[in-house]
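Colleague: Pasting a structure here, questions to come.
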Amino acid sequence: MATSRELSSKLIRDYDDDEEVWLTHYSSNHQILLVGEGDFSFSCSLASRFRSASNICASSLDSYDDVVRKYSKARSNLATLKRLGASLLHGVDATKLHLHPHLNSRRFDRIIFNFPHAGFHGKETDSRLIQADGEIHVSHKDKAPFCHWNLEELASRCSLVLTQCVAFEKSEYPGYENKRGDGSRCDKPFPLGECTTFKFAVSRVAKEIYAEKVRWRETKERESKLLIRFSGVPLDIYNRERQSMLTRTSYPRRYTGESPERRPLLWQEPFFLRSSHQLYGWEGGRTMSTSTGFHHLHTEEGRLIRQRNLSIYHPYHCRR
Ligand SMILES: C[S@@+](CC[C@H](N)C(=O)[O-])C[C@H]1O[C@@H](n2cnc3c(N)ncnc32)[C@H](O)[C@@H]1O
């Protein structure tokens, strides 16, 4: 249910007859929570684009005093946000959002944590604060060691499932300055290089989806190894080997986690209803397609299936 703040922000918006404005994935109609802000320049960039910040709740782990001491532009960024109507919070620990008195009754369409690399281990955003169709966005560097964190697996332990990966481009957020956030050079930027925004949705069966994806990837890897081994080999030999490989891999013809108790859960799951068909090629929402893309390998359809799957299953390839 919408809180009074959300309602009043909507009313003001309706009254002003504001047009919806977008900045990349973010709309002036979204209720947005930002956690782990540095000098608040990212929040400011959104607010400047929206010409209002009444839909923005921007927060930092640091206290107000620490923020203005650490970052030279923090004071003016915070003043701008306040003038545009943002809620500003300090001392907000992203691992304990549900305990925060100003946050625990609110529901957001987007929760954003940019570059949480000062120690992101496990639950750093809370799925309880997100709308049913909301998203949690974590932007992160692609380079090692950051790409080894396996955000997807960490998130799955918090009932979050990866739905999309998109390239993060700092230039799309005018005024944003990424900050180290810690130590004597806390106000300095860190080299961004290639970065990705990982989008997560809430799913009660996130762990199962993740496990299924891992199995699926392994099968795909085995298939591509087989393809390489058999390139140029006559089709009948290839088919025989393919058949024996499929038998050995015991690829799940039906979704293995499906039990009579879980079936309704899968159906109710908003994420499943929205995207499992595209993700898994499921038929009727329950049965996993018997195709691994394998028998389409030499067709245009197969190429498209593989391309689509790559963009979903291999975050670091999706931009290419
Ligand atoms: C590398 S800095 C990035 C700062 C800012 N998001 C940006 O993009 O410039 C990492 C930030 O994560 C914050 N942080 C670390 N652990 C946190 C936690 N548990 N909850 C909230 N923020 C946290 C730090 O205070 C720091 O501001």
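In the structure tokens, the first chain shown is A, the next is B, and so on; residue numbers restart at 1 for each chain, and ligands run from 1 in the order shown.
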Got a sec to check which residues lie within 7 Å of ligand 1, using only C-alpha atoms and all ligand atoms, and send them as a list of chain:residue names?

Modeller: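 The distance check yields A:Val35, A:Gly36, A:Glu37, A:Gly38, A:Asp39, A:Ser60, A:Leu61, A:Asp62, A:Val92, A:Asp93, A:Ala94, A:Thr95, A:Phe113, A:Asn114, A:Phe115, A:Pro116, A:His117, A:Ala118, A:Gly119, A:Phe120, A:Glu124, A:Glu177, A:Asn178, A:Lys179, A:Arg180, A:Gly181, A:Asp182.
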
Colleague: Run DSSP on the backbone and give me the residues of segment 50-220 of chain A it puts in strand (DSSP E or B), as an NGL selection string.

Modeller: :A and (56-60 or 87-90 or 108-114 or 130-141 or 160-167 or 195-202)

Colleague: Since we have the selection now, will you write its residues out, keeping N, CA and C atoms, as a compact mmCIF listing (two decimals), in the first residue's frame?

Modeller:
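Result went into again12.txt, see below:
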# COMPACT_ATOMS: atom_id res chain seq x y z
N ILE A 56 12.65 10.74 -4.88
CA ILE A 56 13.98 10.20 -4.60
C ILE A 56 14.26 10.18 -3.10
N CYS A 57 14.73 9.03 -2.64
CA CYS A 57 15.23 8.94 -1.26
C CYS A 57 16.70 8.56 -1.39
N ALA A 58 17.58 9.50 -1.05
CA ALA A 58 19.02 9.26 -1.24
C ALA A 58 19.68 9.06 0.11
N SER A 59 20.55 8.05 0.20
CA SER A 59 21.13 7.75 1.51
C SER A 59 22.62 7.43 1.42
N SER A 60 23.27 7.59 2.55
CA SER A 60 24.69 7.22 2.65
C SER A 60 24.89 6.42 3.93
N SER A 87 14.14 13.04 -0.05
CA SER A 87 14.35 12.61 1.34
C SER A 87 15.82 12.26 1.44
N LEU A 88 16.47 12.77 2.46
CA LEU A 88 17.90 12.50 2.62
C LEU A 88 18.14 11.78 3.94
N LEU A 89 18.85 10.67 3.85
CA LEU A 89 19.11 9.89 5.06
C LEU A 89 20.60 9.58 5.14
N HIS A 90 21.09 9.56 6.38
CA HIS A 90 22.50 9.21 6.58
C HIS A 90 22.58 8.10 7.61
N PHE A 108 9.71 0.59 -2.84
CA PHE A 108 10.34 1.34 -3.94
C PHE A 108 10.23 0.58 -5.26
N ASP A 109 10.24 1.36 -6.34
CA ASP A 109 10.26 0.75 -7.67
C ASP A 109 11.70 0.42 -8.07
N ARG A 110 12.62 1.22 -7.60
CA ARG A 110 14.03 0.97 -7.90
C ARG A 110 14.86 1.21 -6.65
N ILE A 111 15.76 0.26 -6.38
CA ILE A 111 16.78 0.50 -5.36
C ILE A 111 18.12 0.44 -6.08
N ILE A 112 18.92 1.47 -5.90
CA ILE A 112 20.17 1.59 -6.66
C ILE A 112 21.37 1.60 -5.71
N PHE A 113 22.33 0.75 -5.99
CA PHE A 113 23.59 0.78 -5.25
C PHE A 113 24.71 0.78 -6.29
N ASN A 114 25.37 1.92 -6.43
CA ASN A 114 26.45 2.02 -7.41
C ASN A 114 27.78 1.71 -6.76
N ILE A 130 11.14 -3.65 -1.81
CA ILE A 130 10.93 -3.45 -3.24
C ILE A 130 9.51 -3.82 -3.62
N GLN A 131 8.93 -3.03 -4.53
CA GLN A 131 7.60 -3.36 -5.05
C GLN A 131 7.66 -4.72 -5.74
N ALA A 132 6.48 -5.36 -5.89
CA ALA A 132 6.47 -6.69 -6.50
C ALA A 132 7.13 -6.68 -7.88
N ASP A 133 6.89 -5.59 -8.65
CA ASP A 133 7.51 -5.54 -9.98
C ASP A 133 8.71 -4.60 -9.99
N GLY A 134 9.25 -4.33 -8.82
CA GLY A 134 10.39 -3.40 -8.73
C GLY A 134 11.71 -4.07 -9.09
N GLU A 135 12.75 -3.26 -9.12
CA GLU A 135 14.07 -3.79 -9.49
C GLU A 135 15.14 -3.23 -8.57
N ILE A 136 16.14 -4.05 -8.34
CA ILE A 136 17.31 -3.60 -7.60
C ILE A 136 18.47 -3.54 -8.59
N HIS A 137 19.11 -2.39 -8.66
CA HIS A 137 20.20 -2.22 -9.63
C HIS A 137 21.53 -2.06 -8.91
N VAL A 138 22.46 -2.90 -9.26
CA VAL A 138 23.80 -2.78 -8.70
C VAL A 138 24.77 -2.58 -9.87
N SER A 139 25.48 -1.47 -9.84
CA SER A 139 26.47 -1.26 -10.90
C SER A 139 27.84 -1.63 -10.36
N HIS A 140 28.63 -2.19 -11.26
CA HIS A 140 29.81 -2.88 -10.80
C HIS A 140 30.84 -2.92 -11.91
N LYS A 141 32.11 -2.95 -11.56
CA LYS A 141 33.15 -3.02 -12.59
C LYS A 141 33.25 -4.43 -13.16
N LEU A 160 16.75 -12.78 -4.89
CA LEU A 160 16.81 -11.87 -6.04
C LEU A 160 17.34 -12.62 -7.24
N VAL A 161 16.70 -12.40 -8.36
CA VAL A 161 17.11 -13.11 -9.56
C VAL A 161 17.56 -12.10 -10.61
N LEU A 162 18.66 -12.42 -11.27
CA LEU A 162 19.19 -11.51 -12.29
C LEU A 162 18.28 -11.52 -13.51
N THR A 163 17.83 -10.33 -13.92
CA THR A 163 16.94 -10.28 -15.08
C THR A 163 17.62 -9.65 -16.29
N GLN A 164 18.57 -8.78 -16.06
CA GLN A 164 19.20 -8.11 -17.20
C GLN A 164 20.54 -7.51 -16.79
N CYS A 165 21.42 -7.44 -17.74
CA CYS A 165 22.69 -6.73 -17.52
C CYS A 165 22.84 -5.70 -18.62
N VAL A 166 23.15 -4.47 -18.26
CA VAL A 166 23.35 -3.46 -19.28
C VAL A 166 24.64 -2.69 -18.97
N ALA A 167 25.25 -2.19 -20.02
CA ALA A 167 26.49 -1.44 -19.81
C ALA A 167 26.19 -0.19 -19.00
N CYS A 195 31.91 -1.22 -17.17
CA CYS A 195 31.07 -1.50 -15.99
C CYS A 195 29.71 -1.99 -16.46
N THR A 196 29.03 -2.67 -15.57
CA THR A 196 27.73 -3.22 -15.89
C THR A 196 26.73 -2.88 -14.80
N THR A 197 25.50 -2.58 -15.22
CA THR A 197 24.40 -2.48 -14.24
C THR A 197 23.67 -3.80 -14.24
N PHE A 198 23.69 -4.46 -13.09
CA PHE A 198 22.98 -5.73 -12.92
C PHE A 198 21.60 -5.42 -12.37
N LYS A 199 20.58 -5.91 -13.08
CA LYS A 199 19.21 -5.65 -12.62
C LYS A 199 18.66 -6.94 -12.01
N PHE A 200 18.15 -6.80 -10.80
CA PHE A 200 17.60 -7.96 -10.10
C PHE A 200 16.11 -7.74 -9.81
N ALA A 201 15.37 -8.84 -9.82
CA ALA A 201 13.96 -8.80 -9.43
C ALA A 201 13.77 -9.77 -8.26
N VAL A 202 12.72 -9.55 -7.52
CA VAL A 202 12.46 -10.41 -6.37
C VAL A 202 11.82 -11.71 -6.85

Colleague: Would you mind writing down, as a compact mmCIF listing (two decimals) with N, CA, C and O atoms, in the first residue's frame, each residue of segment 66-261 of chain A that DSSP on the backbone assigns to helix (DSSP H, G or I)?

Modeller:
# COMPACT_ATOMS: atom_id res chain seq x y z
N ASP A 66 30.27 13.34 8.29
CA ASP A 66 31.33 12.63 7.56
C ASP A 66 31.24 12.88 6.06
O ASP A 66 32.24 13.06 5.39
N VAL A 67 30.00 12.88 5.55
CA VAL A 67 29.82 13.09 4.10
C VAL A 67 30.38 14.45 3.69
O VAL A 67 31.16 14.54 2.73
N VAL A 68 30.01 15.51 4.43
CA VAL A 68 30.47 16.85 4.00
C VAL A 68 31.98 17.02 4.26
O VAL A 68 32.63 17.82 3.58
N ARG A 69 32.50 16.28 5.24
CA ARG A 69 33.95 16.36 5.48
C ARG A 69 34.72 15.60 4.38
O ARG A 69 35.75 16.07 3.90
N LYS A 70 34.15 14.47 3.95
CA LYS A 70 34.89 13.63 3.00
C LYS A 70 34.84 14.14 1.56
O LYS A 70 35.78 13.99 0.80
N ALA A 74 29.76 17.56 -1.63
CA ALA A 74 28.60 16.92 -0.98
C ALA A 74 27.61 17.96 -0.45
O ALA A 74 26.39 17.82 -0.62
N ARG A 75 28.14 19.00 0.16
CA ARG A 75 27.25 19.99 0.79
C ARG A 75 26.31 20.59 -0.26
O ARG A 75 25.09 20.67 -0.08
N SER A 76 26.89 20.99 -1.41
CA SER A 76 26.03 21.64 -2.42
C SER A 76 25.11 20.61 -3.08
O SER A 76 23.96 20.92 -3.39
N ASN A 77 25.60 19.37 -3.27
CA ASN A 77 24.71 18.35 -3.86
C ASN A 77 23.52 18.08 -2.93
O ASN A 77 22.38 17.97 -3.38
N LEU A 78 23.81 17.99 -1.63
CA LEU A 78 22.73 17.72 -0.67
C LEU A 78 21.74 18.88 -0.64
O LEU A 78 20.52 18.67 -0.56
N ALA A 79 22.28 20.11 -0.75
CA ALA A 79 21.39 21.29 -0.74
C ALA A 79 20.47 21.26 -1.97
O ALA A 79 19.27 21.53 -1.87
N THR A 80 21.05 20.91 -3.12
CA THR A 80 20.23 20.84 -4.35
C THR A 80 19.13 19.80 -4.19
O THR A 80 17.96 20.04 -4.53
N LEU A 81 19.52 18.63 -3.67
CA LEU A 81 18.53 17.56 -3.50
C LEU A 81 17.40 17.99 -2.56
O LEU A 81 16.22 17.74 -2.81
N LYS A 82 17.81 18.65 -1.49
CA LYS A 82 16.81 19.09 -0.51
C LYS A 82 15.84 20.09 -1.15
O LYS A 82 14.62 20.00 -1.00
N ARG A 83 16.41 21.03 -1.92
CA ARG A 83 15.58 22.06 -2.57
C ARG A 83 14.58 21.41 -3.53
O ARG A 83 13.45 21.85 -3.66
N ALA A 94 22.99 -0.62 4.09
CA ALA A 94 22.21 -1.32 3.06
C ALA A 94 21.89 -2.77 3.46
O ALA A 94 20.99 -3.38 2.88
N THR A 95 22.60 -3.30 4.43
CA THR A 95 22.32 -4.67 4.86
C THR A 95 21.17 -4.73 5.87
O THR A 95 20.71 -5.80 6.24
N LYS A 96 20.74 -3.54 6.33
CA LYS A 96 19.69 -3.53 7.38
C LYS A 96 18.57 -2.55 7.04
O LYS A 96 18.03 -1.90 7.93
N LEU A 97 18.25 -2.44 5.78
CA LEU A 97 17.25 -1.45 5.36
C LEU A 97 15.90 -1.69 6.04
O LEU A 97 15.20 -0.75 6.39
N HIS A 98 15.55 -2.96 6.20
CA HIS A 98 14.23 -3.28 6.75
C HIS A 98 14.10 -2.86 8.22
O HIS A 98 13.01 -2.83 8.76
N LEU A 99 15.25 -2.53 8.85
CA LEU A 99 15.18 -2.10 10.25
C LEU A 99 15.13 -0.57 10.38
O LEU A 99 14.94 -0.03 11.47
N SER A 127 15.23 -7.20 -0.24
CA SER A 127 14.12 -7.42 -1.17
C SER A 127 12.78 -7.05 -0.54
O SER A 127 11.80 -6.89 -1.24
N ARG A 128 12.75 -6.87 0.79
CA ARG A 128 11.46 -6.53 1.42
C ARG A 128 11.00 -5.12 1.10
O ARG A 128 9.85 -4.78 1.28
N LEU A 129 11.92 -4.27 0.67
CA LEU A 129 11.54 -2.87 0.42
C LEU A 129 11.16 -2.61 -1.03
O LEU A 129 10.92 -1.47 -1.41
N PHE A 146 36.54 -7.77 -9.42
CA PHE A 146 35.12 -7.49 -9.18
C PHE A 146 34.21 -8.49 -9.90
O PHE A 146 33.16 -8.85 -9.41
N CYS A 147 34.66 -8.91 -11.09
CA CYS A 147 33.80 -9.84 -11.85
C CYS A 147 33.75 -11.22 -11.19
O CYS A 147 32.96 -12.07 -11.57
N HIS A 148 34.64 -11.47 -10.21
CA HIS A 148 34.62 -12.78 -9.54
C HIS A 148 33.68 -12.82 -8.34
O HIS A 148 33.58 -13.84 -7.67
N TRP A 149 33.09 -11.70 -8.04
CA TRP A 149 32.22 -11.69 -6.85
C TRP A 149 31.00 -12.56 -7.04
O TRP A 149 30.37 -12.99 -6.09
N LEU A 151 27.91 -11.73 -8.32
CA LEU A 151 26.74 -11.02 -7.78
C LEU A 151 25.47 -11.84 -7.94
O LEU A 151 24.60 -11.82 -7.07
N GLU A 152 25.40 -12.54 -9.06
CA GLU A 152 24.17 -13.29 -9.34
C GLU A 152 23.92 -14.35 -8.27
O GLU A 152 22.80 -14.52 -7.81
N GLU A 153 25.00 -15.01 -7.88
CA GLU A 153 24.82 -16.05 -6.86
C GLU A 153 24.53 -15.42 -5.49
O GLU A 153 23.63 -15.86 -4.77
N LEU A 154 25.27 -14.34 -5.17
CA LEU A 154 25.02 -13.65 -3.89
C LEU A 154 23.57 -13.19 -3.81
O LEU A 154 22.90 -13.38 -2.81
N ALA A 155 23.11 -12.61 -4.93
CA ALA A 155 21.74 -12.09 -4.94
C ALA A 155 20.73 -13.22 -4.81
O ALA A 155 19.70 -13.05 -4.13
N SER A 156 21.01 -14.35 -5.42
CA SER A 156 20.04 -15.45 -5.37
C SER A 156 19.81 -15.91 -3.93
O SER A 156 18.73 -16.37 -3.59
N LYS A 170 29.05 6.15 -17.43
CA LYS A 170 29.03 7.33 -16.54
C LYS A 170 28.52 8.58 -17.26
O LYS A 170 27.80 9.40 -16.68
N SER A 171 28.87 8.68 -18.56
CA SER A 171 28.51 9.89 -19.31
C SER A 171 26.99 10.08 -19.44
O SER A 171 26.52 11.17 -19.76
N GLU A 172 26.24 9.01 -19.16
CA GLU A 172 24.78 9.14 -19.25
C GLU A 172 24.19 9.84 -18.02
O GLU A 172 23.00 10.11 -17.98
N ALA A 206 14.45 -17.80 -6.34
CA ALA A 206 15.68 -17.31 -6.97
C ALA A 206 16.80 -18.36 -6.91
O ALA A 206 17.54 -18.54 -7.87
N LYS A 207 16.90 -19.05 -5.78
CA LYS A 207 17.98 -20.03 -5.64
C LYS A 207 17.83 -21.15 -6.65
O LYS A 207 18.79 -21.60 -7.25
N GLU A 208 16.59 -21.60 -6.82
CA GLU A 208 16.34 -22.69 -7.78
C GLU A 208 16.63 -22.23 -9.20
O GLU A 208 17.22 -22.95 -9.99
N ILE A 209 16.24 -20.98 -9.49
CA ILE A 209 16.49 -20.46 -10.85
C ILE A 209 18.00 -20.41 -11.09
O ILE A 209 18.49 -20.81 -12.14
N TYR A 210 18.71 -19.95 -10.07
CA TYR A 210 20.16 -19.84 -10.23
C TYR A 210 20.78 -21.22 -10.46
O TYR A 210 21.60 -21.41 -11.37
N ALA A 211 20.35 -22.19 -9.64
CA ALA A 211 20.89 -23.56 -9.78
C ALA A 211 20.58 -24.11 -11.17
O ALA A 211 21.43 -24.73 -11.81
N GLU A 212 19.38 -23.82 -11.64
CA GLU A 212 18.98 -24.30 -12.97
C GLU A 212 19.85 -23.65 -14.04
O GLU A 212 20.29 -24.30 -14.98
N LYS A 213 20.10 -22.38 -13.87
CA LYS A 213 20.94 -21.66 -14.84
C LYS A 213 22.34 -22.25 -14.89
O LYS A 213 22.92 -22.40 -15.94
N VAL A 214 22.88 -22.55 -13.70
CA VAL A 214 24.24 -23.10 -13.66
C VAL A 214 24.28 -24.43 -14.41
O VAL A 214 25.16 -24.67 -15.24
N ARG A 215 23.29 -25.28 -14.13
CA ARG A 215 23.24 -26.58 -14.83
C ARG A 215 23.14 -26.36 -16.34
O ARG A 215 23.78 -27.03 -17.12
N TRP A 216 22.31 -25.39 -16.70
CA TRP A 216 22.05 -25.11 -18.11
C TRP A 216 23.33 -24.62 -18.80
O TRP A 216 23.67 -25.04 -19.88
N ARG A 217 24.06 -23.75 -18.11
CA ARG A 217 25.31 -23.24 -18.67
C ARG A 217 26.31 -24.37 -18.87
O ARG A 217 27.01 -24.43 -19.87
N GLU A 218 26.36 -25.27 -17.88
CA GLU A 218 27.31 -26.38 -17.99
C GLU A 218 27.00 -27.23 -19.22
O GLU A 218 27.88 -27.64 -19.95
N THR A 219 25.69 -27.46 -19.42
CA THR A 219 25.29 -28.25 -20.59
C THR A 219 25.70 -27.53 -21.87
O THR A 219 26.23 -28.13 -22.79
N LYS A 220 25.45 -26.21 -21.88
CA LYS A 220 25.81 -25.41 -23.06
C LYS A 220 27.31 -25.51 -23.35
O LYS A 220 27.73 -25.63 -24.48
N GLU A 221 28.10 -25.41 -22.25
CA GLU A 221 29.56 -25.47 -22.44
C GLU A 221 29.96 -26.80 -23.04
O GLU A 221 30.78 -26.88 -23.95
N ARG A 222 29.34 -27.89 -22.51
CA ARG A 222 29.66 -29.22 -23.04
C ARG A 222 29.27 -29.31 -24.51
O ARG A 222 30.00 -29.85 -25.32
N GLU A 223 28.13 -28.71 -24.82
CA GLU A 223 27.67 -28.74 -26.21
C GLU A 223 28.65 -28.01 -27.12
O GLU A 223 28.98 -28.49 -28.19
N SER A 224 29.11 -26.82 -26.67
CA SER A 224 29.98 -26.08 -27.59
C SER A 224 31.33 -26.78 -27.74
O SER A 224 31.93 -26.73 -28.80
N LYS A 225 31.77 -27.45 -26.65
CA LYS A 225 33.03 -28.22 -26.78
C LYS A 225 32.84 -29.30 -27.83
O LYS A 225 33.72 -29.54 -28.66
N LEU A 226 31.68 -29.93 -27.78
CA LEU A 226 31.38 -31.00 -28.72
C LEU A 226 31.37 -30.46 -30.15
O LEU A 226 31.90 -31.07 -31.07
N LEU A 227 30.78 -29.27 -30.29
CA LEU A 227 30.70 -28.65 -31.63
C LEU A 227 32.09 -28.41 -32.19
O LEU A 227 32.37 -28.67 -33.35
N ILE A 228 32.97 -27.90 -31.31
CA ILE A 228 34.34 -27.61 -31.77
C ILE A 228 35.02 -28.92 -32.17
O ILE A 228 35.64 -29.04 -33.22
N ARG A 229 34.83 -29.97 -31.31
CA ARG A 229 35.49 -31.26 -31.57
C ARG A 229 35.03 -31.85 -32.89
O ARG A 229 35.76 -32.50 -33.59
N LEU A 235 27.54 -35.43 -40.53
CA LEU A 235 26.41 -35.17 -39.64
C LEU A 235 25.96 -36.40 -38.86
O LEU A 235 25.59 -36.30 -37.69
N ASP A 236 26.00 -37.60 -39.47
CA ASP A 236 25.50 -38.78 -38.75
C ASP A 236 26.39 -39.10 -37.55
O ASP A 236 25.92 -39.46 -36.47
N ILE A 237 27.69 -38.93 -37.70
CA ILE A 237 28.61 -39.20 -36.56
C ILE A 237 28.36 -38.16 -35.47
O ILE A 237 28.24 -38.47 -34.29
N TYR A 238 28.21 -36.93 -35.93
CA TYR A 238 27.95 -35.83 -34.98
C TYR A 238 26.66 -36.09 -34.20
O TYR A 238 26.60 -35.97 -32.98
N ASN A 239 25.60 -36.49 -34.92
CA ASN A 239 24.30 -36.74 -34.29
C ASN A 239 24.38 -37.88 -33.28
O ASN A 239 23.81 -37.81 -32.20
N ARG A 240 25.14 -38.95 -33.64
CA ARG A 240 25.27 -40.10 -32.72
C ARG A 240 25.95 -39.63 -31.42
O ARG A 240 25.52 -39.93 -30.33
N GLU A 241 27.01 -38.88 -31.61
CA GLU A 241 27.75 -38.41 -30.42
C GLU A 241 26.90 -37.46 -29.57
O GLU A 241 26.88 -37.52 -28.36
N ARG A 242 26.15 -36.62 -30.29
CA ARG A 242 25.26 -35.67 -29.61
C ARG A 242 24.23 -36.42 -28.77
O ARG A 242 23.99 -36.10 -27.62
N GLN A 243 23.67 -37.46 -29.35
CA GLN A 243 22.66 -38.25 -28.66
C GLN A 243 23.25 -38.87 -27.40
O GLN A 243 22.67 -38.80 -26.32
N SER A 244 24.46 -39.42 -27.53
CA SER A 244 25.03 -40.08 -26.35
C SER A 244 25.40 -39.04 -25.30
O SER A 244 25.30 -39.28 -24.11
N MET A 245 25.80 -37.85 -25.77
CA MET A 245 26.13 -36.82 -24.80
C MET A 245 24.90 -36.35 -24.03
O MET A 245 24.94 -36.19 -22.82
N LEU A 246 23.80 -36.21 -24.75
CA LEU A 246 22.58 -35.77 -24.08
C LEU A 246 22.14 -36.79 -23.04
O LEU A 246 21.66 -36.44 -21.98
N THR A 247 22.32 -38.06 -23.34
CA THR A 247 21.95 -39.10 -22.38
C THR A 247 22.83 -38.98 -21.14
O THR A 247 22.37 -39.02 -20.01
N ARG A 248 24.11 -38.77 -21.40
CA ARG A 248 25.04 -38.69 -20.26
C ARG A 248 24.76 -37.47 -19.39
O ARG A 248 24.88 -37.52 -18.19
N THR A 249 24.39 -36.32 -20.01
CA THR A 249 24.24 -35.10 -19.20
C THR A 249 22.95 -35.08 -18.40
O THR A 249 22.78 -34.25 -17.53

Colleague: If I take atom CA of Asn150 of chain A and atom CA of Glu169 of chain A, how far is one from the other in Å, to one decimal?

Modeller: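 Result for atom CA of Asn150 of chain A versus atom CA of Glu169 of chain A: 20.9 Å, one decimal.
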
Colleague: Between atom CA of Leu23 of chain A and atom CA of Gly193 of chain A, what is the distance in Å, rounded to a tenth?

Modeller: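 Those two atoms sit 21.2 Å apart.
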
Colleague: To one decimal place, how far is atom CA of Gln31 of chain A from atom CA of Ser54 of chain A in Å?

Modeller: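 Pair atom CA of Gln31 of chain A / atom CA of Ser54 of chain A returns 8.7 Å.
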